[in-house]
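K.L.:
Next comes the structure file model_37.cif, holding mmCIF, C-alpha atoms and all ligand atoms.
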```
data_work
loop_
_atom_site.label_atom_id
_atom_site.label_comp_id
_atom_site.auth_asym_id
_atom_site.auth_seq_id
_atom_site.Cartn_x
_atom_site.Cartn_y
_atom_site.Cartn_z
CA MET A 4 -33.77 -36.92 10.66
CA SER A 5 -33.07 -33.21 10.98
CA GLY A 6 -32.45 -30.61 13.66
CA GLN A 7 -29.65 -29.64 15.99
CA GLY A 8 -30.88 -31.30 19.17
CA ARG A 9 -29.27 -34.10 21.15
CA LEU A 10 -28.83 -37.56 19.71
CA VAL A 11 -31.13 -39.84 21.72
CA LEU A 12 -30.89 -43.63 21.43
CA VAL A 13 -34.17 -45.31 22.39
CA THR A 14 -34.04 -49.11 22.62
CA GLY A 15 -37.26 -50.91 21.85
CA GLY A 16 -38.19 -47.74 19.99
CA ALA A 17 -40.40 -49.41 17.38
CA SER A 18 -43.43 -49.82 19.64
CA GLY A 19 -45.36 -48.65 22.67
CA ILE A 20 -43.57 -46.53 25.25
CA GLY A 21 -40.29 -46.43 23.30
CA ARG A 22 -41.99 -45.14 20.18
CA ALA A 23 -43.88 -42.48 22.16
CA VAL A 24 -40.70 -41.41 23.96
CA ALA A 25 -38.86 -41.11 20.65
CA ARG A 26 -41.69 -39.05 19.17
CA ALA A 27 -41.69 -36.73 22.20
CA PHE A 28 -37.92 -36.17 21.90
CA ALA A 29 -38.36 -35.44 18.18
CA GLU A 30 -41.13 -32.94 18.95
CA ALA A 31 -38.81 -31.27 21.47
CA GLY A 32 -36.19 -30.76 18.76
CA ASP A 33 -33.91 -33.66 19.63
CA ARG A 34 -32.74 -36.38 17.24
CA PRO A 35 -34.03 -39.80 18.29
CA VAL A 36 -32.72 -43.05 16.88
CA LEU A 37 -35.08 -45.99 17.30
CA ALA A 38 -33.04 -49.12 18.06
CA ASP A 39 -35.04 -52.32 17.89
CA VAL A 40 -34.62 -56.02 17.22
CA ASP A 41 -37.47 -55.61 14.74
CA GLY A 42 -35.61 -53.53 12.17
CA PRO A 43 -38.48 -53.04 9.68
CA ALA A 44 -40.85 -51.94 12.45
CA ALA A 45 -38.25 -49.48 13.75
CA GLU A 46 -37.73 -48.12 10.25
CA LYS A 47 -41.48 -47.66 9.76
CA ALA A 48 -41.96 -45.95 13.13
CA ALA A 49 -38.93 -43.75 12.53
CA ALA A 50 -40.31 -42.62 9.17
CA GLU A 51 -43.62 -41.73 10.83
CA ILE A 52 -42.00 -39.53 13.48
CA GLY A 53 -39.11 -38.09 11.47
CA ALA A 54 -36.43 -40.05 13.29
CA ALA A 55 -33.68 -42.50 12.37
CA SER A 56 -33.59 -46.21 13.14
CA VAL A 57 -31.17 -49.06 13.58
CA THR A 58 -31.54 -52.79 14.02
CA MET A 59 -30.21 -53.81 17.43
CA ASP A 60 -30.70 -56.92 19.52
CA VAL A 61 -29.99 -55.71 23.05
CA THR A 62 -29.30 -59.27 24.24
CA ASP A 63 -26.36 -59.64 21.85
CA ALA A 64 -23.14 -57.73 22.65
CA ALA A 65 -21.92 -57.86 19.04
CA SER A 66 -25.23 -56.52 17.73
CA VAL A 67 -25.16 -53.70 20.29
CA GLN A 68 -21.59 -52.75 19.37
CA SER A 69 -22.12 -52.80 15.63
CA ALA A 70 -25.44 -50.94 15.81
CA LEU A 71 -23.90 -48.28 18.04
CA ALA A 72 -20.91 -47.94 15.70
CA GLY A 73 -23.32 -47.45 12.79
CA VAL A 74 -25.34 -44.84 14.68
CA THR A 75 -22.20 -42.94 15.67
CA ALA A 76 -20.83 -42.99 12.13
CA ALA A 77 -24.13 -41.77 10.67
CA HIS A 78 -25.33 -39.33 13.31
CA GLY A 79 -22.57 -38.61 15.87
CA ARG A 80 -22.25 -39.58 19.51
CA VAL A 81 -25.20 -40.62 21.64
CA GLU A 82 -25.95 -37.97 24.26
CA VAL A 83 -29.06 -39.51 25.81
CA LEU A 84 -29.75 -43.23 26.19
CA VAL A 85 -33.22 -44.56 26.98
CA ASN A 86 -33.02 -48.24 27.92
CA ASN A 87 -36.63 -49.11 27.14
CA ALA A 88 -36.51 -52.50 25.37
CA GLY A 89 -38.32 -55.01 27.53
CA ILE A 90 -40.53 -58.07 27.38
CA VAL A 91 -42.79 -60.09 29.67
CA ALA A 92 -42.82 -63.20 27.46
CA GLY A 93 -45.85 -64.75 29.11
CA GLY A 94 -45.62 -65.80 32.69
CA GLY A 95 -47.00 -67.90 35.43
CA PRO A 96 -46.21 -69.03 38.96
CA LEU A 97 -42.49 -69.34 39.61
CA ALA A 98 -42.94 -73.00 40.56
CA GLU A 99 -44.13 -73.72 37.02
CA LEU A 100 -42.47 -71.04 34.91
CA PRO A 101 -40.55 -72.46 31.96
CA VAL A 102 -36.83 -71.84 32.47
CA GLU A 103 -36.60 -70.55 28.88
CA VAL A 104 -39.12 -67.79 29.69
CA PHE A 105 -37.07 -66.74 32.71
CA ASP A 106 -33.83 -66.74 30.71
CA ARG A 107 -35.34 -64.81 27.82
CA VAL A 108 -36.75 -62.07 30.04
CA VAL A 109 -33.48 -61.75 31.96
CA ALA A 110 -31.61 -61.54 28.64
CA VAL A 111 -33.69 -58.68 27.23
CA ASN A 112 -34.57 -56.69 30.34
CA LEU A 113 -31.44 -57.04 32.47
CA ARG A 114 -28.58 -58.18 30.24
CA GLY A 115 -29.86 -55.85 27.50
CA THR A 116 -29.91 -52.83 29.80
CA PHE A 117 -26.39 -53.70 30.96
CA LEU A 118 -25.00 -54.27 27.45
CA VAL A 119 -26.36 -51.05 25.96
CA THR A 120 -25.40 -49.00 29.02
CA ARG A 121 -21.90 -50.49 28.90
CA ALA A 122 -21.45 -49.64 25.22
CA VAL A 123 -22.94 -46.14 25.32
CA ALA A 124 -21.34 -45.18 28.65
CA GLY A 125 -17.94 -46.13 27.26
CA GLN A 126 -18.54 -43.73 24.39
CA MET A 127 -19.85 -40.99 26.71
CA ILE A 128 -16.82 -41.32 29.01
CA ALA A 129 -14.41 -41.22 26.06
CA SER A 130 -16.06 -38.05 24.73
CA GLY A 131 -15.55 -36.26 28.05
CA ARG A 132 -18.82 -34.44 27.45
CA GLY A 133 -21.17 -36.28 29.80
CA GLY A 134 -24.62 -37.51 28.93
CA CYS A 135 -27.57 -39.13 30.54
CA VAL A 136 -29.33 -42.46 30.82
CA VAL A 137 -33.00 -43.11 31.54
CA ASN A 138 -33.96 -46.72 32.26
CA VAL A 139 -37.50 -48.04 32.05
CA SER A 140 -38.39 -50.06 35.12
CA SER A 141 -41.89 -50.98 36.33
CA ALA A 142 -44.04 -50.53 39.43
CA GLY A 143 -43.76 -54.31 39.58
CA ALA A 144 -40.16 -53.96 40.75
CA ARG A 145 -41.60 -52.97 44.11
CA GLN A 146 -45.14 -54.38 44.11
CA PRO A 147 -45.55 -58.03 43.15
CA THR A 148 -48.32 -59.45 41.01
CA ALA A 149 -48.67 -63.24 41.02
CA GLY A 150 -47.46 -64.69 37.74
CA LEU A 151 -45.06 -61.85 36.93
CA GLY A 152 -42.21 -62.71 39.30
CA HIS A 153 -39.69 -63.34 36.53
CA TYR A 154 -40.40 -59.94 34.93
CA GLU A 155 -40.50 -58.06 38.22
CA ALA A 156 -37.14 -59.49 39.32
CA THR A 157 -35.52 -58.11 36.17
CA LYS A 158 -37.01 -54.68 36.82
CA ALA A 159 -35.75 -54.68 40.44
CA ALA A 160 -32.34 -55.49 38.98
CA VAL A 161 -32.67 -52.64 36.46
CA GLU A 162 -33.32 -50.29 39.40
CA ALA A 163 -30.14 -51.54 41.12
CA LEU A 164 -28.22 -51.07 37.85
CA THR A 165 -29.60 -47.53 37.64
CA ARG A 166 -28.12 -46.67 41.04
CA SER A 167 -24.74 -48.26 40.22
CA THR A 168 -24.66 -46.51 36.85
CA ALA A 169 -25.41 -43.18 38.53
CA LEU A 170 -22.73 -43.65 41.19
CA GLU A 171 -20.00 -44.85 38.87
CA LEU A 172 -20.62 -42.37 36.06
CA ALA A 173 -21.25 -39.22 38.11
CA PRO A 174 -17.55 -38.25 37.97
CA HIS A 175 -17.89 -38.23 34.18
CA GLY A 176 -20.89 -35.89 34.21
CA ILE A 177 -23.25 -38.69 33.27
CA ARG A 178 -26.58 -38.98 35.11
CA ALA A 179 -28.70 -42.13 35.29
CA ASN A 180 -32.29 -42.36 36.47
CA ALA A 181 -35.29 -44.60 35.90
CA VAL A 182 -39.02 -44.32 35.42
CA ALA A 183 -41.29 -46.95 36.91
CA PRO A 184 -44.66 -47.03 35.13
CA GLY A 185 -47.69 -48.93 36.33
CA PRO A 186 -49.73 -50.57 33.57
CA VAL A 187 -49.64 -48.65 30.28
CA LEU A 188 -51.74 -49.26 27.18
CA THR A 189 -49.28 -50.57 24.59
CA PRO A 190 -49.03 -53.59 22.30
CA MET A 191 -47.41 -55.40 25.28
CA THR A 192 -50.59 -55.09 27.35
CA ALA A 193 -53.21 -54.86 24.59
CA GLY A 194 -54.33 -58.49 24.92
CA LEU A 195 -54.74 -58.22 28.68
CA MET A 196 -56.54 -54.88 28.52
CA ALA A 197 -58.97 -56.20 25.91
CA ASP A 198 -60.39 -58.46 28.63
CA PRO A 199 -62.79 -56.19 30.60
CA ARG A 200 -62.38 -58.18 33.84
CA ALA A 201 -58.59 -58.15 33.68
CA ARG A 202 -58.61 -54.45 32.90
CA ALA A 203 -60.97 -53.70 35.78
CA ALA A 204 -58.75 -55.72 38.14
CA TRP A 205 -55.72 -53.62 37.19
CA GLU A 206 -57.70 -50.36 37.40
CA SER A 207 -58.92 -51.26 40.88
CA ARG A 208 -55.29 -51.21 42.08
CA ILE A 209 -54.68 -47.66 40.80
CA PRO A 210 -55.89 -44.82 43.06
CA LEU A 211 -56.22 -42.47 40.08
CA GLY A 212 -58.45 -45.12 38.54
CA ARG A 213 -57.13 -45.57 35.02
CA ILE A 214 -54.54 -47.37 32.98
CA ALA A 215 -51.81 -45.02 31.74
CA ALA A 216 -51.39 -43.88 28.16
CA THR A 217 -47.86 -43.76 26.78
CA ASP A 218 -47.95 -39.97 26.97
CA ASP A 219 -48.43 -40.18 30.73
CA VAL A 220 -44.88 -41.55 30.80
CA THR A 221 -43.07 -39.50 28.14
CA PRO A 222 -42.91 -36.13 29.99
CA LEU A 223 -41.09 -37.76 32.90
CA VAL A 224 -38.51 -39.35 30.60
CA LEU A 225 -37.93 -36.02 28.87
CA PHE A 226 -37.64 -34.22 32.21
CA LEU A 227 -35.09 -36.69 33.60
CA ALA A 228 -33.05 -36.27 30.41
CA SER A 229 -33.25 -32.47 30.53
CA ALA A 230 -31.02 -29.77 31.98
CA ALA A 231 -33.79 -29.08 34.51
CA ALA A 232 -32.86 -32.42 36.12
CA ALA A 233 -29.14 -31.56 36.23
CA HIS A 234 -28.83 -32.40 39.95
CA ILE A 235 -30.97 -35.55 39.90
CA THR A 236 -29.26 -38.89 39.55
CA GLY A 237 -29.79 -42.43 40.79
CA VAL A 238 -33.53 -42.10 41.39
CA VAL A 239 -36.45 -44.23 40.27
CA VAL A 240 -39.60 -42.18 39.74
CA PRO A 241 -42.97 -43.95 39.67
CA VAL A 242 -45.57 -42.88 37.12
CA ASP A 243 -48.32 -45.20 38.22
CA GLY A 244 -51.43 -43.27 39.25
CA GLY A 245 -50.55 -43.97 42.87
CA GLN A 246 -50.42 -47.76 42.55
CA LEU A 247 -47.45 -48.05 44.91
CA LEU A 248 -49.48 -46.35 47.66
CA THR A 249 -51.80 -49.32 47.95
N1 LIG B 1 -46.84 -51.53 28.95
C1 LIG B 1 -46.78 -51.55 30.29
O1 LIG B 1 -47.80 -51.72 30.99
C2 LIG B 1 -45.46 -51.34 30.98
C3 LIG B 1 -45.46 -51.02 32.35
C4 LIG B 1 -44.26 -50.81 33.01
C5 LIG B 1 -43.09 -50.92 32.32
N2 LIG B 1 -43.10 -51.21 30.99
C6 LIG B 1 -41.81 -51.32 30.30
O2 LIG B 1 -41.78 -50.39 29.24
C7 LIG B 1 -40.92 -50.87 28.22
C8 LIG B 1 -41.64 -50.81 26.89
O3 LIG B 1 -42.79 -51.63 26.97
P1 LIG B 1 -44.00 -51.52 25.95
O4 LIG B 1 -45.22 -51.77 26.72
O5 LIG B 1 -43.86 -50.28 25.15
O6 LIG B 1 -43.72 -52.83 25.06
P2 LIG B 1 -43.91 -53.13 23.50
O7 LIG B 1 -44.01 -54.61 23.41
O8 LIG B 1 -44.96 -52.28 22.91
O9 LIG B 1 -42.50 -52.65 22.87
C9 LIG B 1 -41.29 -53.27 23.22
C10 LIG B 1 -40.31 -53.08 22.08
O10 LIG B 1 -39.07 -53.71 22.48
C11 LIG B 1 -38.55 -54.38 21.35
N3 LIG B 1 -37.64 -55.46 21.76
C12 LIG B 1 -37.96 -56.65 22.30
N4 LIG B 1 -36.86 -57.41 22.46
C13 LIG B 1 -35.82 -56.66 22.02
C14 LIG B 1 -34.42 -56.89 21.89
N5 LIG B 1 -33.88 -58.07 22.24
N6 LIG B 1 -33.65 -55.90 21.40
C15 LIG B 1 -34.19 -54.72 21.00
N7 LIG B 1 -35.50 -54.45 21.08
C16 LIG B 1 -36.31 -55.41 21.58
C17 LIG B 1 -39.78 -54.93 20.64
O11 LIG B 1 -39.49 -55.29 19.29
C18 LIG B 1 -40.74 -53.76 20.76
O12 LIG B 1 -40.60 -52.85 19.69
C19 LIG B 1 -40.49 -52.27 28.65
O13 LIG B 1 -39.23 -52.22 29.28
C20 LIG B 1 -41.56 -52.66 29.64
O14 LIG B 1 -41.10 -53.63 30.56
C21 LIG B 1 -44.26 -51.42 30.30
#
```
Output the file's structure in the form of structure tokens.
Ligand SMILES: NC(=O)c1ccc[n+]([C@@H]2O[C@H](COP(=O)([O-])OP(=O)(O)OC[C@H]3O[C@@H](n4cnc5c(N)ncnc54)[C@H](O)[C@@H]3O)[C@@H](O)[C@H]2O)c1

P.N.:
Amino acid sequence: MSGQGRLVLVTGGASGIGRAVARAFAEAGDRPVLADVDGPAAEKAAAEIGAASVTMDVTDAASVQSALAGVTAAHGRVEVLVNNAGIVAGGGPLAELPVEVFDRVVAVNLRGTFLVTRAVAGQMIASGRGGCVVNVSSAGARQPTAGLGHYEATKAAVEALTRSTALELAPHGIRANAVAPGPVLTPMTAGLMADPRARAAWESRIPLGRIAATDDVTPLVLFLASAAAAHITGVVVPVDGGQLLT
């Protein structure tokens, strides 16, 4: 990893949206660190985009603390945090959903966002030099799809956390915002999108008529983390081809 840009910690950075976000920050001259529970995958992705990586399980407070300590020792303080790690873990009607699936999704999407924000915000406050947080929500936080209730509830909670983070950290010069993508082509959705009928059903809900690519999402994350967004905090911005209009 080289360059003089900001140190950007991207959770879930080994794949999909996180990987694309990290690559976009690297291309903009920043210094991304890909933090992922899959350490070898993060290392491989980091090598491909000229970034650094660290193994971090966002559900585990000790893992978050030790990974962050390692990142800080090796690269300096985190200036931008992208809380992207997230899972769906299958799904189904709430009346039948296995409790373990619910708990697992809450642990990664909600507890993970809290734990990493808590650790990084503490460091940002102590530095006295501000920073910013971008959380990755989902259009599903506001528009339900049958069978995804467990996942959508965690994303609605991430949006609430985004607002609390913004309010509480504003006095420290730390901004917090979220992006809310509609469906995006990534390894998470690859199976679903390979089924032409399922894909067509999702596309029919999107006024702009197509499933997003990861690079439909990355410019918004970079903007929210940029000086151009210096007076924007506590917002959730959809990037969903108009899905929430329907
Ligand atoms: N793909 C979509 O359609 C879509 C739409 C809206 C929102 N999102 C959100 O975007 C984010 C990224 O999704 P994606 O589609 O790129 O998924 P993905 O499956 O391609 O990548 C997710 C990454 O998170 C990592 N991860 C999982 N559990 C972790 C943990 N405990 N600790 C650290 N890392 C962990 C995985 O190893 C993987 O590298 C998620 O928060 C997801 O909910 C995705």

K.L.:
Would you list the contacts of A:Ala169 as a list of chain:residue names, taking every protein, DNA or RNA residue within 9 Å and counting all atoms listed in the file, but skipping same-chain residues closer than 3 positions in sequence?

P.N.:
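Within the cut-off, the hits are A:Val136, A:Leu164, A:Thr165, A:Arg166, A:Leu172, A:Ala173, A:Ile177, A:Arg178, A:Ala179, A:Asn180, A:Thr236, A:Gly237, A:Val238.
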
K.L.:
Export C-alpha atoms of the chosen residues as a tab-separated table (two decimals), in the frame of the given file?

P.N.:
```tsv
chain	number	residue	atom	x	y	z
A	136	VAL	CA	-29.33	-42.46	30.82
A	164	LEU	CA	-28.22	-51.07	37.85
A	165	THR	CA	-29.60	-47.53	37.64
A	166	ARG	CA	-28.12	-46.67	41.04
A	172	LEU	CA	-20.62	-42.37	36.06
A	173	ALA	CA	-21.25	-39.22	38.11
A	177	ILE	CA	-23.25	-38.69	33.27
A	178	ARG	CA	-26.58	-38.98	35.11
A	179	ALA	CA	-28.70	-42.13	35.29
A	180	ASN	CA	-32.29	-42.36	36.47
A	236	THR	CA	-29.26	-38.89	39.55
A	237	GLY	CA	-29.79	-42.43	40.79
A	238	VAL	CA	-33.53	-42.10	41.39
```

K.L.:
Extract, using all atoms listed in the file, all DNA, RNA and protein residues at most 8 Å from stretch 72-79 of chain A, discarding same-chain residues fewer than 5 positions from it, and format them as a list in words.

P.N.:
Leu10, Val36 and Val57 of chain A

K.L.:
Report, in Å with one decimal, the straight-line distance from atom CA of A:Ser69 to atom CA of A:Arg121.

P.N.:
13.5 Å

K.L.:
Rounded to one decimal place, report the atom CA of A:Ala183-atom CA of A:Ala163 distance in Å.

P.N.:
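That distance, rounded to one decimal, is 12.8 Å.
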
K.L.:
Around ligand LIG 1 (chain B), which protein and nucleic acid residues have at least one atom no more than 6 Å from it, if we count all atoms listed in the file? List them as a ChimeraX atom specification.

P.N.:
/A:14-21,39-41,59-62,87-90,111,139-141,184-192

K.L.:
What gap, in Å, lies between atom CA of A:Ser56 and atom CA of A:Val24?

P.N.:
13.8 Å

K.L.:
Go through A:Ala54, A:Leu195, A:Leu84, A:Val67 and flag the residue nearest A:Gly133, using only C-alpha atoms for the distances.

P.N.:
A:Leu84

K.L.:
From the set A:Ala232, A:Ala193, A:Phe226, A:Val239, which residue has the shortest atom-to-atom contact distance to A:Ile214, counting all atoms listed in the file?

P.N.:
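Among the listed residues, the smallest separation from A:Ile214 belongs to A:Ala193.
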
K.L.:
Find the spatial neighbours of A:Glu206, counting all atoms listed in the file, within a cut-off of 10 Å - ignore same-chain residues fewer than 6 positions away - and output them as a list in words.

P.N.:
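What passes the distance filter is Pro186, Arg200, Gly212, Arg213, Ile214, Ala215, Gly244 and Gln246 of chain A.
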
K.L.:
Find the spatial neighbours of A:Gln146, counting only C-alpha atoms, within a cut-off of 12 Å - ignore same-chain residues fewer than 6 positions away - and output them as a list of chain:residue names.

P.N.:
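Contacts, with the query itself left out: A:Gly152, A:Tyr154, A:Glu155, A:Ala156, A:Lys158, A:Ala159, A:Ala183, A:Pro184, A:Gly185, A:Arg208, A:Pro241, A:Asp243, A:Gly245, A:Gln246, A:Leu247, A:Leu248, A:Thr249.
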
K.L.:
Could you tell me which of A:Val81, A:Val91, A:Ala197, A:Ala29 comes closest to A:Ala50 if we count all atoms listed in the file?

P.N.:
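Looking at the shortest contact to A:Ala50, the residue is A:Ala29.
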